[in-house]
$ cat input08.cif   # mmCIF, C-alpha atoms
data_protein
#
loop_
_atom_site.group_PDB
_atom_site.id
_atom_site.type_symbol
_atom_site.label_atom_id
_atom_site.label_comp_id
_atom_site.auth_asym_id
_atom_site.auth_seq_id
_atom_site.Cartn_x
_atom_site.Cartn_y
_atom_site.Cartn_z
ATOM 1 C CA MET E 1 -29.092 100.478 -9.759
ATOM 2 C CA GLU E 2 -30.883 97.833 -7.728
ATOM 3 C CA ILE E 3 -28.296 95.252 -8.721
ATOM 4 C CA TRP E 4 -25.576 97.327 -7.019
ATOM 5 C CA LEU E 5 -27.567 97.626 -3.814
ATOM 6 C CA ILE E 6 -28.010 93.848 -3.832
ATOM 7 C CA ILE E 7 -24.317 93.174 -4.417
ATOM 8 C CA ILE E 8 -23.213 95.594 -1.693
ATOM 9 C CA GLY E 9 -25.858 94.331 0.735
ATOM 10 C CA ALA E 10 -24.979 90.702 0.072
ATOM 11 C CA GLY E 11 -21.270 91.512 0.419
ATOM 12 C CA LEU E 12 -21.887 93.237 3.727
ATOM 13 C CA VAL E 13 -23.865 90.365 5.293
ATOM 14 C CA THR E 14 -21.248 87.898 4.066
ATOM 15 C CA PHE E 15 -18.409 89.963 5.551
ATOM 16 C CA LEU E 16 -20.221 90.360 8.873
ATOM 17 C CA THR E 17 -20.907 86.620 9.014
ATOM 18 C CA ARG E 18 -17.212 85.910 8.509
ATOM 19 C CA LEU E 19 -16.178 88.570 11.011
ATOM 20 C CA SER E 20 -18.746 87.618 13.675
ATOM 21 C CA PHE E 21 -16.893 85.213 15.951
ATOM 22 C CA ILE E 22 -13.450 86.578 15.102
ATOM 23 C CA ALA E 23 -14.506 90.033 16.318
ATOM 24 C CA LEU E 24 -16.437 88.814 19.352
ATOM 25 C CA GLN E 25 -13.809 86.373 20.605
ATOM 26 C CA GLY E 26 -13.095 86.993 24.284
ATOM 27 C CA ARG E 27 -15.857 89.559 24.646
ATOM 28 C CA TRP E 28 -18.985 87.480 24.291
ATOM 29 C CA GLN E 29 -19.736 83.864 25.054
ATOM 30 C CA PRO E 30 -22.296 82.576 22.535
ATOM 31 C CA PRO E 31 -25.166 80.496 23.975
ATOM 32 C CA GLU E 32 -24.536 76.786 23.968
ATOM 33 C CA LEU E 33 -27.414 76.041 21.600
ATOM 34 C CA LEU E 34 -25.934 78.383 18.998
ATOM 35 C CA GLN E 35 -22.501 76.789 19.293
ATOM 36 C CA ARG E 36 -23.949 73.314 18.841
ATOM 37 C CA GLY E 37 -26.361 74.301 16.071
ATOM 38 C CA LEU E 38 -23.638 75.916 13.988
ATOM 39 C CA ARG E 39 -22.132 72.542 13.171
ATOM 40 C CA PHE E 40 -25.273 71.533 11.301
ATOM 41 C CA VAL E 41 -25.371 74.604 9.073
ATOM 42 C CA PRO E 42 -23.150 73.286 6.271
ATOM 43 C CA PRO E 43 -24.841 69.865 5.863
ATOM 44 C CA ALA E 44 -28.342 71.382 6.119
ATOM 45 C CA VAL E 45 -27.846 74.337 3.765
ATOM 46 C CA LEU E 46 -25.705 72.559 1.195
ATOM 47 C CA THR E 47 -27.971 69.495 0.974
ATOM 48 C CA ALA E 48 -31.014 71.772 0.711
ATOM 49 C CA ILE E 49 -29.426 73.199 -2.439
ATOM 50 C CA ILE E 50 -28.138 69.894 -3.817
ATOM 51 C CA LEU E 51 -31.261 67.698 -3.587
ATOM 52 C CA PRO E 52 -33.668 69.895 -5.581
ATOM 53 C CA GLU E 53 -30.986 70.346 -8.249
ATOM 54 C CA LEU E 54 -30.657 66.570 -8.594
ATOM 55 C CA LEU E 55 -34.241 65.392 -8.035
ATOM 56 C CA MET E 56 -36.091 68.181 -9.809
ATOM 57 C CA PRO E 57 -34.224 69.349 -12.896
ATOM 58 C CA GLY E 58 -36.463 71.892 -14.610
ATOM 59 C CA GLY E 59 -38.547 72.321 -11.437
ATOM 60 C CA GLN E 60 -40.488 69.022 -11.611
ATOM 61 C CA LEU E 61 -39.842 65.995 -9.432
ATOM 62 C CA HIS E 62 -38.161 63.470 -11.696
ATOM 63 C CA LEU E 63 -37.107 60.097 -10.291
ATOM 64 C CA GLY E 64 -35.894 57.534 -12.778
ATOM 65 C CA LEU E 65 -33.022 56.274 -14.814
ATOM 66 C CA ASP E 66 -33.571 58.973 -17.423
ATOM 67 C CA ASN E 67 -32.785 61.689 -14.855
ATOM 68 C CA LEU E 68 -29.161 62.042 -15.906
ATOM 69 C CA ARG E 69 -28.286 64.705 -13.323
ATOM 70 C CA LEU E 70 -29.425 62.427 -10.523
ATOM 71 C CA LEU E 71 -27.229 59.578 -11.780
ATOM 72 C CA ALA E 72 -24.221 61.852 -12.296
ATOM 73 C CA GLY E 73 -24.769 63.364 -8.844
ATOM 74 C CA LEU E 74 -24.771 59.903 -7.247
ATOM 75 C CA ALA E 75 -21.514 59.104 -9.006
ATOM 76 C CA ALA E 76 -20.047 62.364 -7.671
ATOM 77 C CA ALA E 77 -21.259 61.568 -4.134
ATOM 78 C CA ALA E 78 -19.611 58.139 -4.229
ATOM 79 C CA THR E 79 -16.412 59.768 -5.478
ATOM 80 C CA ALA E 80 -16.501 62.413 -2.764
ATOM 81 C CA TRP E 81 -16.991 59.712 -0.141
ATOM 82 C CA ARG E 82 -13.984 57.737 -1.314
ATOM 83 C CA THR E 83 -11.538 60.508 -2.256
ATOM 84 C CA ARG E 84 -12.715 63.312 0.097
ATOM 85 C CA SER E 85 -11.810 65.682 -2.740
ATOM 86 C CA VAL E 86 -14.068 68.396 -4.158
ATOM 87 C CA LEU E 87 -12.067 68.468 -7.358
ATOM 88 C CA TRP E 88 -12.537 64.752 -8.043
ATOM 89 C CA ALA E 89 -16.256 65.007 -7.257
ATOM 90 C CA ILE E 90 -16.640 67.737 -9.883
ATOM 91 C CA ALA E 91 -14.539 65.891 -12.445
ATOM 92 C CA VAL E 92 -16.385 62.568 -12.057
ATOM 93 C CA GLY E 93 -19.798 64.294 -11.897
ATOM 94 C CA MET E 94 -19.279 66.350 -15.059
ATOM 95 C CA GLY E 95 -17.664 63.390 -16.839
ATOM 96 C CA SER E 96 -20.597 61.127 -15.938
ATOM 97 C CA LEU E 97 -23.106 63.708 -17.103
ATOM 98 C CA TYR E 98 -21.389 64.074 -20.489
ATOM 99 C CA LEU E 99 -21.090 60.303 -20.851
ATOM 100 C CA LEU E 100 -24.752 59.722 -19.933
ATOM 101 C CA GLN E 101 -25.872 62.464 -22.296
ATOM 102 C CA ALA E 102 -23.922 60.858 -25.102
ATOM 103 C CA VAL E 103 -25.325 57.384 -24.330
ATOM 104 C CA SER E 104 -28.931 58.553 -24.056
ATOM 105 C CA GLY E 105 -28.549 60.563 -27.254
ATOM 106 C CA TRP E 106 -27.279 57.440 -28.975
ATOM 107 C CA LEU E 107 -30.115 55.311 -27.561
ATOM 108 C CA ALA E 108 -32.726 57.821 -28.719
ATOM 109 C CA ARG E 109 -31.644 57.615 -32.314
ATOM 110 C CA MET D 1 2.235 78.280 -1.010
ATOM 111 C CA ARG D 2 2.926 74.663 -1.855
ATOM 112 C CA ALA D 3 0.073 73.547 0.407
ATOM 113 C CA GLU D 4 -2.237 75.670 -1.677
ATOM 114 C CA LEU D 5 -1.428 74.772 -5.245
ATOM 115 C CA PRO D 6 -3.991 71.972 -5.612
ATOM 116 C CA ILE D 7 -6.660 74.221 -4.118
ATOM 117 C CA LEU D 8 -5.821 77.070 -6.485
ATOM 118 C CA ALA D 9 -6.102 74.604 -9.358
ATOM 119 C CA GLY D 10 -9.621 73.804 -8.162
ATOM 120 C CA VAL D 11 -10.660 77.414 -7.673
ATOM 121 C CA ALA D 12 -9.588 78.642 -11.113
ATOM 122 C CA PRO D 13 -12.077 76.626 -13.206
ATOM 123 C CA PHE D 14 -14.785 77.445 -10.687
ATOM 124 C CA GLY D 15 -14.181 81.182 -11.097
ATOM 125 C CA MET D 16 -14.204 80.840 -14.853
ATOM 126 C CA ILE D 17 -17.485 78.934 -14.779
ATOM 127 C CA TYR D 18 -18.992 81.647 -12.590
ATOM 128 C CA GLY D 19 -17.937 84.298 -15.122
ATOM 129 C CA VAL D 20 -19.359 82.292 -18.012
ATOM 130 C CA LEU D 21 -22.702 81.704 -16.242
ATOM 131 C CA ALA D 22 -23.008 85.384 -15.307
ATOM 132 C CA MET D 23 -22.558 86.343 -18.958
ATOM 133 C CA GLN D 24 -25.003 83.669 -20.138
ATOM 134 C CA ALA D 25 -27.586 85.043 -17.693
ATOM 135 C CA GLY D 26 -27.074 88.520 -19.136
ATOM 136 C CA LEU D 27 -25.501 90.286 -16.136
ATOM 137 C CA PRO D 28 -23.441 93.413 -16.884
ATOM 138 C CA VAL D 29 -19.676 92.795 -16.979
ATOM 139 C CA SER D 30 -19.062 95.325 -14.200
ATOM 140 C CA ALA D 31 -21.608 93.693 -11.879
ATOM 141 C CA ALA D 32 -20.258 90.199 -12.530
ATOM 142 C CA GLN D 33 -16.678 91.223 -11.711
ATOM 143 C CA CYS D 34 -17.611 93.415 -8.738
ATOM 144 C CA MET D 35 -19.540 90.555 -7.249
ATOM 145 C CA SER D 36 -16.241 88.645 -7.098
ATOM 146 C CA PHE D 37 -14.564 91.682 -5.482
ATOM 147 C CA ILE D 38 -17.256 92.449 -2.938
ATOM 148 C CA LEU D 39 -18.746 89.068 -2.097
ATOM 149 C CA PHE D 40 -15.713 86.843 -2.700
ATOM 150 C CA ALA D 41 -17.872 83.775 -2.006
ATOM 151 C CA GLY D 42 -18.175 81.436 -4.970
ATOM 152 C CA SER D 43 -21.169 79.314 -4.035
ATOM 153 C CA SER D 44 -23.381 82.264 -3.159
ATOM 154 C CA GLN D 45 -22.306 84.060 -6.337
ATOM 155 C CA PHE D 46 -23.376 80.999 -8.333
ATOM 156 C CA MET D 47 -26.762 80.985 -6.628
ATOM 157 C CA ALA D 48 -27.215 84.737 -7.018
ATOM 158 C CA VAL D 49 -26.753 84.735 -10.797
ATOM 159 C CA PRO D 50 -30.080 83.154 -11.814
ATOM 160 C CA LEU D 51 -31.894 85.005 -9.004
ATOM 161 C CA LEU D 52 -30.518 88.362 -10.171
ATOM 162 C CA ALA D 53 -31.473 87.574 -13.740
ATOM 163 C CA GLY D 54 -34.926 86.411 -12.599
ATOM 164 C CA GLY D 55 -35.697 89.663 -10.817
ATOM 165 C CA VAL D 56 -36.070 88.238 -7.299
ATOM 166 C CA PRO D 57 -36.696 91.071 -4.759
ATOM 167 C CA ALA D 58 -33.525 92.602 -3.295
ATOM 168 C CA LEU D 59 -34.085 91.741 0.351
ATOM 169 C CA ILE D 60 -34.969 88.121 -0.409
ATOM 170 C CA LEU D 61 -31.843 87.792 -2.508
ATOM 171 C CA ILE D 62 -29.591 89.267 0.168
ATOM 172 C CA PHE D 63 -31.178 86.976 2.721
ATOM 173 C CA THR D 64 -30.638 83.937 0.505
ATOM 174 C CA VAL D 65 -26.948 84.838 0.185
ATOM 175 C CA PHE D 66 -26.825 85.190 3.962
ATOM 176 C CA VAL D 67 -28.247 81.687 4.480
ATOM 177 C CA ILE D 68 -25.836 80.153 1.959
ATOM 178 C CA ASN D 69 -22.854 81.871 3.575
ATOM 179 C CA LEU D 70 -23.975 81.185 7.137
ATOM 180 C CA ARG D 71 -21.512 78.307 7.248
ATOM 181 C CA HIS D 72 -18.710 80.892 7.298
ATOM 182 C CA ALA D 73 -19.796 81.705 10.863
ATOM 183 C CA LEU D 74 -18.616 78.205 11.721
ATOM 184 C CA TYR D 75 -15.202 78.930 10.195
ATOM 185 C CA SER D 76 -15.121 82.261 11.991
ATOM 186 C CA ALA D 77 -15.767 80.525 15.305
ATOM 187 C CA ALA D 78 -13.076 77.920 14.644
ATOM 188 C CA LEU D 79 -10.370 80.452 13.737
ATOM 189 C CA ALA D 80 -11.354 83.102 16.285
ATOM 190 C CA PRO D 81 -9.143 81.871 19.176
ATOM 191 C CA ARG D 82 -6.079 81.939 16.928
ATOM 192 C CA LEU D 83 -6.709 85.518 15.809
ATOM 193 C CA GLN D 84 -7.632 87.016 19.169
ATOM 194 C CA HIS D 85 -4.311 88.844 19.645
ATOM 195 C CA LEU D 86 -4.478 90.639 16.278
ATOM 196 C CA SER D 87 -5.461 94.250 15.607
ATOM 197 C CA PRO D 88 -8.980 95.047 14.328
ATOM 198 C CA LEU D 89 -7.536 95.790 10.881
ATOM 199 C CA TRP D 90 -5.970 92.319 10.684
ATOM 200 C CA LYS D 91 -9.183 90.715 11.903
ATOM 201 C CA GLY D 92 -11.218 92.562 9.288
ATOM 202 C CA LEU D 93 -8.802 91.709 6.506
ATOM 203 C CA LEU D 94 -8.668 88.007 7.349
ATOM 204 C CA ALA D 95 -12.463 87.890 7.787
ATOM 205 C CA TYR D 96 -12.896 89.350 4.313
ATOM 206 C CA LEU D 97 -10.627 86.629 2.900
ATOM 207 C CA LEU D 98 -12.261 83.786 4.856
ATOM 208 C CA THR D 99 -13.656 81.253 2.380
ATOM 209 C CA ASP D 100 -14.216 77.486 2.327
ATOM 210 C CA GLU D 101 -10.817 77.021 0.728
ATOM 211 C CA MET D 102 -8.910 79.371 2.997
ATOM 212 C CA PHE D 103 -10.447 77.683 6.013
ATOM 213 C CA ALA D 104 -9.471 74.270 4.684
ATOM 214 C CA VAL D 105 -5.853 75.411 4.281
ATOM 215 C CA SER D 106 -5.694 77.270 7.605
ATOM 216 C CA ILE D 107 -7.254 74.823 10.006
ATOM 217 C CA THR D 108 -4.822 72.046 9.157
ATOM 218 C CA ARG D 109 -1.813 74.192 10.054
ATOM 219 C CA ALA D 110 -0.651 74.365 13.657
ATOM 220 C CA PRO D 111 -0.970 77.907 15.055
ATOM 221 C CA GLY D 112 2.229 79.885 15.691
ATOM 222 C CA PRO D 113 3.308 83.493 16.183
ATOM 223 C CA LEU D 114 3.426 84.220 12.445
ATOM 224 C CA THR D 115 0.355 82.212 11.458
ATOM 225 C CA HIS D 116 -1.616 85.285 10.492
ATOM 226 C CA TRP D 117 0.933 85.991 7.737
ATOM 227 C CA PHE D 118 0.356 82.477 6.446
ATOM 228 C CA TYR D 119 -3.410 83.086 6.449
ATOM 229 C CA LEU D 120 -2.913 86.377 4.641
ATOM 230 C CA GLY D 121 -0.737 84.730 2.008
ATOM 231 C CA ALA D 122 -3.205 81.888 1.495
ATOM 232 C CA GLY D 123 -6.157 84.272 1.325
ATOM 233 C CA ALA D 124 -4.425 86.703 -1.023
ATOM 234 C CA ALA D 125 -3.418 83.916 -3.415
ATOM 235 C CA LEU D 126 -6.989 82.604 -3.485
ATOM 236 C CA TRP D 127 -8.355 86.111 -3.919
ATOM 237 C CA THR D 128 -6.065 86.865 -6.860
ATOM 238 C CA CYS D 129 -6.861 83.532 -8.473
ATOM 239 C CA TRP D 130 -10.594 84.145 -8.049
ATOM 240 C CA GLN D 131 -10.484 87.636 -9.605
ATOM 241 C CA ILE D 132 -8.397 86.564 -12.601
ATOM 242 C CA SER D 133 -10.452 83.454 -13.294
ATOM 243 C CA THR D 134 -13.695 85.440 -13.041
ATOM 244 C CA ALA D 135 -12.342 87.905 -15.599
ATOM 245 C CA LEU D 136 -11.338 85.044 -17.901
ATOM 246 C CA GLY D 137 -14.803 83.500 -17.602
ATOM 247 C CA ILE D 138 -16.439 86.837 -18.390
ATOM 248 C CA PHE D 139 -14.166 87.159 -21.400
ATOM 249 C CA LEU D 140 -15.054 83.672 -22.661
ATOM 250 C CA GLY D 141 -18.702 84.168 -21.621
ATOM 251 C CA ALA D 142 -20.862 84.071 -24.686
ATOM 252 C CA GLN D 143 -18.592 81.648 -26.553
ATOM 253 C CA ILE D 144 -19.431 78.764 -24.225
ATOM 254 C CA PRO D 145 -22.710 77.085 -25.237
ATOM 255 C CA ASP D 146 -25.452 76.208 -22.713
ATOM 256 C CA SER D 147 -25.180 72.572 -23.743
ATOM 257 C CA TRP D 148 -21.998 72.227 -21.674
ATOM 258 C CA SER D 149 -24.256 72.189 -18.584
ATOM 259 C CA LEU D 150 -21.684 74.181 -16.607
ATOM 260 C CA ASP D 151 -24.338 75.133 -14.044
ATOM 261 C CA PHE D 152 -24.158 71.506 -12.863
ATOM 262 C CA SER D 153 -20.765 72.207 -11.296
ATOM 263 C CA LEU D 154 -22.508 74.038 -8.436
ATOM 264 C CA PRO D 155 -24.344 71.034 -6.937
ATOM 265 C CA LEU D 156 -21.252 68.938 -7.675
ATOM 266 C CA THR D 157 -19.060 71.296 -5.660
ATOM 267 C CA PHE D 158 -21.502 71.152 -2.780
ATOM 268 C CA ILE D 159 -21.585 67.351 -2.968
ATOM 269 C CA GLY D 160 -17.793 67.388 -2.721
ATOM 270 C CA LEU D 161 -17.979 69.644 0.340
ATOM 271 C CA VAL D 162 -20.844 67.978 2.165
ATOM 272 C CA VAL D 163 -20.405 64.227 1.683
ATOM 273 C CA PRO D 164 -17.075 63.953 3.541
ATOM 274 C CA ALA D 165 -18.584 66.061 6.354
ATOM 275 C CA LEU D 166 -21.395 63.549 7.070
ATOM 276 C CA LYS D 167 -19.347 61.799 9.694
ATOM 277 C CA ASP D 168 -22.005 61.030 12.323
ATOM 278 C CA ARG D 169 -25.707 60.314 12.516
ATOM 279 C CA PRO D 170 -26.895 63.781 13.632
ATOM 280 C CA ALA D 171 -25.078 65.404 10.695
ATOM 281 C CA LEU D 172 -26.567 62.861 8.309
ATOM 282 C CA LEU D 173 -30.026 63.462 9.781
ATOM 283 C CA ALA D 174 -29.626 67.242 9.401
ATOM 284 C CA ALA D 175 -28.638 66.813 5.762
ATOM 285 C CA LEU D 176 -31.448 64.401 4.866
ATOM 286 C CA THR D 177 -34.254 66.329 6.569
ATOM 287 C CA ALA D 178 -33.047 69.617 5.069
ATOM 288 C CA GLY D 179 -32.783 68.075 1.614
ATOM 289 C CA LEU D 180 -36.261 66.538 1.788
ATOM 290 C CA THR D 181 -37.792 69.766 3.083
ATOM 291 C CA ALA D 182 -36.164 71.676 0.249
ATOM 292 C CA VAL D 183 -37.696 69.289 -2.305
ATOM 293 C CA LEU D 184 -41.151 69.381 -0.694
ATOM 294 C CA ALA D 185 -41.090 73.167 -0.245
ATOM 295 C CA TYR D 186 -39.690 73.851 -3.711
ATOM 296 C CA GLY D 187 -42.949 75.463 -4.798
ATOM 297 C CA LEU D 188 -42.685 78.261 -2.231
ATOM 298 C CA PRO D 189 -41.897 81.622 -3.815
ATOM 299 C CA ASN D 190 -38.507 83.332 -3.711
ATOM 300 C CA LYS D 191 -36.396 80.477 -2.447
ATOM 301 C CA LEU D 192 -38.120 80.534 0.943
ATOM 302 C CA GLY D 193 -37.929 76.754 0.817
ATOM 303 C CA LEU D 194 -34.165 77.026 1.328
ATOM 304 C CA LEU D 195 -34.588 78.939 4.571
ATOM 305 C CA LEU D 196 -37.260 76.546 5.816
ATOM 306 C CA ALA D 197 -35.074 73.569 4.917
ATOM 307 C CA ALA D 198 -32.088 75.041 6.756
ATOM 308 C CA LEU D 199 -34.178 75.545 9.905
ATOM 309 C CA VAL D 200 -35.655 72.040 9.763
ATOM 310 C CA GLY D 201 -32.240 70.476 9.133
ATOM 311 C CA ILE D 202 -30.454 72.303 11.961
ATOM 312 C CA SER D 203 -33.289 71.508 14.408
ATOM 313 C CA ALA D 204 -33.288 67.857 13.379
ATOM 314 C CA GLY D 205 -29.519 67.693 13.844
ATOM 315 C CA LEU D 206 -29.760 69.153 17.343
ATOM 316 C CA LEU D 207 -32.601 66.799 18.274
ATOM 317 C CA GLY D 208 -30.738 63.812 16.900
ATOM 318 C CA GLU D 209 -27.631 64.760 18.846
ATOM 319 C CA ARG D 210 -29.599 64.852 22.082
ATOM 320 C CA LEU D 211 -31.456 61.638 21.287
ATOM 321 C CA TRP D 212 -28.398 59.570 20.412
ATOM 322 C CA LYS D 213 -26.312 60.913 23.227
ATOM 323 C CA SER D 214 -28.830 59.972 25.910
ATOM 324 C CA GLY D 215 -29.886 56.741 24.207
#

$ encode --input "input08.cif" --output "structure tokens"
Amino acid sequence: MEIWLIIIGAGLVTFLTRLSFIALQGRWQPPELLQRGLRFVPPAVLTAIILPELLMPGGQLHLGLDNLRLLAGLAAAATAWRTRSVLWAIAVGMGSLYLLQAVSGWLAR
Amino acid sequence: MRAELPILAGVAPFGMIYGVLAMQAGLPVSAAQCMSFILFAGSSQFMAVPLLAGGVPALILIFTVFVINLRHALYSAALAPRLQHLSPLWKGLLAYLLTDEMFAVSITRAPGPLTHWFYLGAGAALWTCWQISTALGIFLGAQIPDSWSLDFSLPLTFIGLVVPALKDRPALLAALTAGLTAVLAYGLPNKLGLLLAALVGISAGLLGERLWKSG
């Protein structure tokens, strides 16, 4: 039961976020600080999700060449910078992870 | 439609992966599919799966989804002037369909009198693709082993979205401070670190903007 309340609640806040400025256009002038701050939401929120996933796989800080997700993530970032394509970033990132896993498995033998 | 084909090709595997992960985490089939109907927001659905399975309190989870999807307010603000003349029903419908991908397709097209039909077409195609690929992923679900590391596609997608957007120093500063805060605050319960990181990052971006503009 609780899961349905969560899904409906999450759906509602998402819909209202998307509707917000579309509905208020022409009726309400948002404060300048809000307008300027909005631009930093995607880089802040997305990076706050990305970095822990890369630097702390399994919940522990893990810096080093044996952190395969960090290496694959760096490869994906370089790809995204050059191609500006989400699809290529995913492809190169997953490919690098598989390749690194295979190499480290071979080295560990 | 032609402008959208490459994007649809990117959305389909993403929807399938979401379905597979939801099944691996043990969510009911109905909940996994309805999440795609009701939320229609891939990244937050990805994040919600482990939290739902981990029994995170309802309000915290809803709030986390809110923070992740807060960037849609930016899209809403950007498209709002073009939709001002439409009826409330149209506005609601297009808001429901407003995703990263739909925004990417819409914003590059010059506005015209029939633009809202183009938005509707783009949104409906993405919506259909998302529902079908979710269902396929649910169907495949248990047959895909954990060792495929499919959960890694979430940070990869975000890397693909965020890296090209780091065009100036304030944006870069916002990203770095938010990322560092998230790592340092990782131990906080219930993903509160994410909220804290978002606040720190946005504040740092605003400060940086002021600093570099006057300097």

$ resolve_selection --input "input08.cif" --expression "the PyMOL selection byres ((chain E) within 7 of (chain D))" --output "VMD selection string"
chain E and resid 6 to 11 13 to 15 17 to 23 25 37 to 48 50 to 53 73 76 to 77 80 to 81 84 to 87 89 to 90 93

$ atom_distance --input "input08.cif" --atom1 "atom CA of E:Leu54" --atom2 "atom CA of E:Leu70"
4.7 Å

$ residues_around --input "input08.cif" --residues "D:Cys129" --least-positions-apart "3" --cutoff "8 Å" --atoms "all atoms listed in the file" --output "NGL selection string"
:D and (8 or 11-12 or 125-126 or 132-133)

$ atom_distance --input "input08.cif" --atom1 "atom CA of E:Gly59" --atom2 "atom CA of D:Ala22"
20.7 Å

$ resolve_selection --input "input08.cif" --expression "the PyMOL selection byres ((chain D and resi 24) around 10)" --output "PyMOL selection string"
chain D and resi 18-23+25-27+49-50+53+138+141-146

$ write_last_selection --input "input08.cif" --atoms "C-alpha atoms" --output "PDB file, keeping the file's coordinate frame"
ATOM      1  CA  TYR D  18     -18.992  81.647 -12.590  1.00  0.00           C
ATOM      2  CA  GLY D  19     -17.937  84.298 -15.122  1.00  0.00           C
ATOM      3  CA  VAL D  20     -19.359  82.292 -18.012  1.00  0.00           C
ATOM      4  CA  LEU D  21     -22.702  81.704 -16.242  1.00  0.00           C
ATOM      5  CA  ALA D  22     -23.008  85.384 -15.307  1.00  0.00           C
ATOM      6  CA  MET D  23     -22.558  86.343 -18.958  1.00  0.00           C
ATOM      7  CA  ALA D  25     -27.586  85.043 -17.693  1.00  0.00           C
ATOM      8  CA  GLY D  26     -27.074  88.520 -19.136  1.00  0.00           C
ATOM      9  CA  LEU D  27     -25.501  90.286 -16.136  1.00  0.00           C
ATOM     10  CA  VAL D  49     -26.753  84.735 -10.797  1.00  0.00           C
ATOM     11  CA  PRO D  50     -30.080  83.154 -11.814  1.00  0.00           C
ATOM     12  CA  ALA D  53     -31.473  87.574 -13.740  1.00  0.00           C
ATOM     13  CA  ILE D 138     -16.439  86.837 -18.390  1.00  0.00           C
ATOM     14  CA  GLY D 141     -18.702  84.168 -21.621  1.00  0.00           C
ATOM     15  CA  ALA D 142     -20.862  84.071 -24.686  1.00  0.00           C
ATOM     16  CA  GLN D 143     -18.592  81.648 -26.553  1.00  0.00           C
ATOM     17  CA  ILE D 144     -19.431  78.764 -24.225  1.00  0.00           C
ATOM     18  CA  PRO D 145     -22.710  77.085 -25.237  1.00  0.00           C
ATOM     19  CA  ASP D 146     -25.452  76.208 -22.713  1.00  0.00           C
TER      20      ASP D 146
END

$ closest_residue --input "input08.cif" --among "D:Glu4, D:Val29, D:Phe139, D:Ser87" --to "D:His116" --atoms "all atoms listed in the file"
D:Ser87

$ atom_distance --input "input08.cif" --atom1 "atom CA of D:Asp151" --atom2 "atom CA of D:Ile17"
7.9 Å

$ closest_residue --input "input08.cif" --among "E:Val92, E:Leu33, E:Met1, E:Leu16" --to "D:Arg210" --atoms "all atoms listed in the file"
E:Leu33

$ build_atoms --input "input08.cif" --residues "stretch 128-141 of chain D" --atoms "N, CA and C atoms" --output "CSV table (one decimal), in the coordinates of the input"
chain,number,residue,atom,x,y,z
D,128,THR,N,-6.6,86.5,-5.5
D,128,THR,CA,-6.1,86.9,-6.9
D,128,THR,C,-6.5,85.9,-7.9
D,129,CYS,N,-6.4,84.6,-7.5
D,129,CYS,CA,-6.9,83.5,-8.5
D,129,CYS,C,-8.3,83.7,-8.8
D,130,TRP,N,-9.1,84.0,-7.8
D,130,TRP,CA,-10.6,84.1,-8.0
D,130,TRP,C,-10.9,85.3,-9.0
D,131,GLN,N,-10.2,86.5,-8.8
D,131,GLN,CA,-10.5,87.6,-9.6
D,131,GLN,C,-10.1,87.4,-11.1
D,132,ILE,N,-8.9,86.8,-11.2
D,132,ILE,CA,-8.4,86.6,-12.6
D,132,ILE,C,-9.3,85.6,-13.3
D,133,SER,N,-9.7,84.5,-12.6
D,133,SER,CA,-10.5,83.5,-13.3
D,133,SER,C,-11.9,84.0,-13.6
D,134,THR,N,-12.4,84.8,-12.7
D,134,THR,CA,-13.7,85.4,-13.0
D,134,THR,C,-13.6,86.2,-14.3
D,135,ALA,N,-12.5,87.1,-14.4
D,135,ALA,CA,-12.3,87.9,-15.6
D,135,ALA,C,-12.2,87.0,-16.9
D,136,LEU,N,-11.5,85.9,-16.8
D,136,LEU,CA,-11.3,85.0,-17.9
D,136,LEU,C,-12.7,84.5,-18.3
D,137,GLY,N,-13.5,84.1,-17.3
D,137,GLY,CA,-14.8,83.5,-17.6
D,137,GLY,C,-15.7,84.5,-18.3
D,138,ILE,N,-15.6,85.8,-17.8
D,138,ILE,CA,-16.4,86.8,-18.4
D,138,ILE,C,-16.0,87.0,-19.8
D,139,PHE,N,-14.7,87.0,-20.1
D,139,PHE,CA,-14.2,87.2,-21.4
D,139,PHE,C,-14.6,86.0,-22.3
D,140,LEU,N,-14.6,84.8,-21.8
D,140,LEU,CA,-15.1,83.7,-22.7
D,140,LEU,C,-16.6,83.7,-22.8
D,141,GLY,N,-17.2,84.1,-21.7
D,141,GLY,CA,-18.7,84.2,-21.6
D,141,GLY,C,-19.5,83.6,-22.7
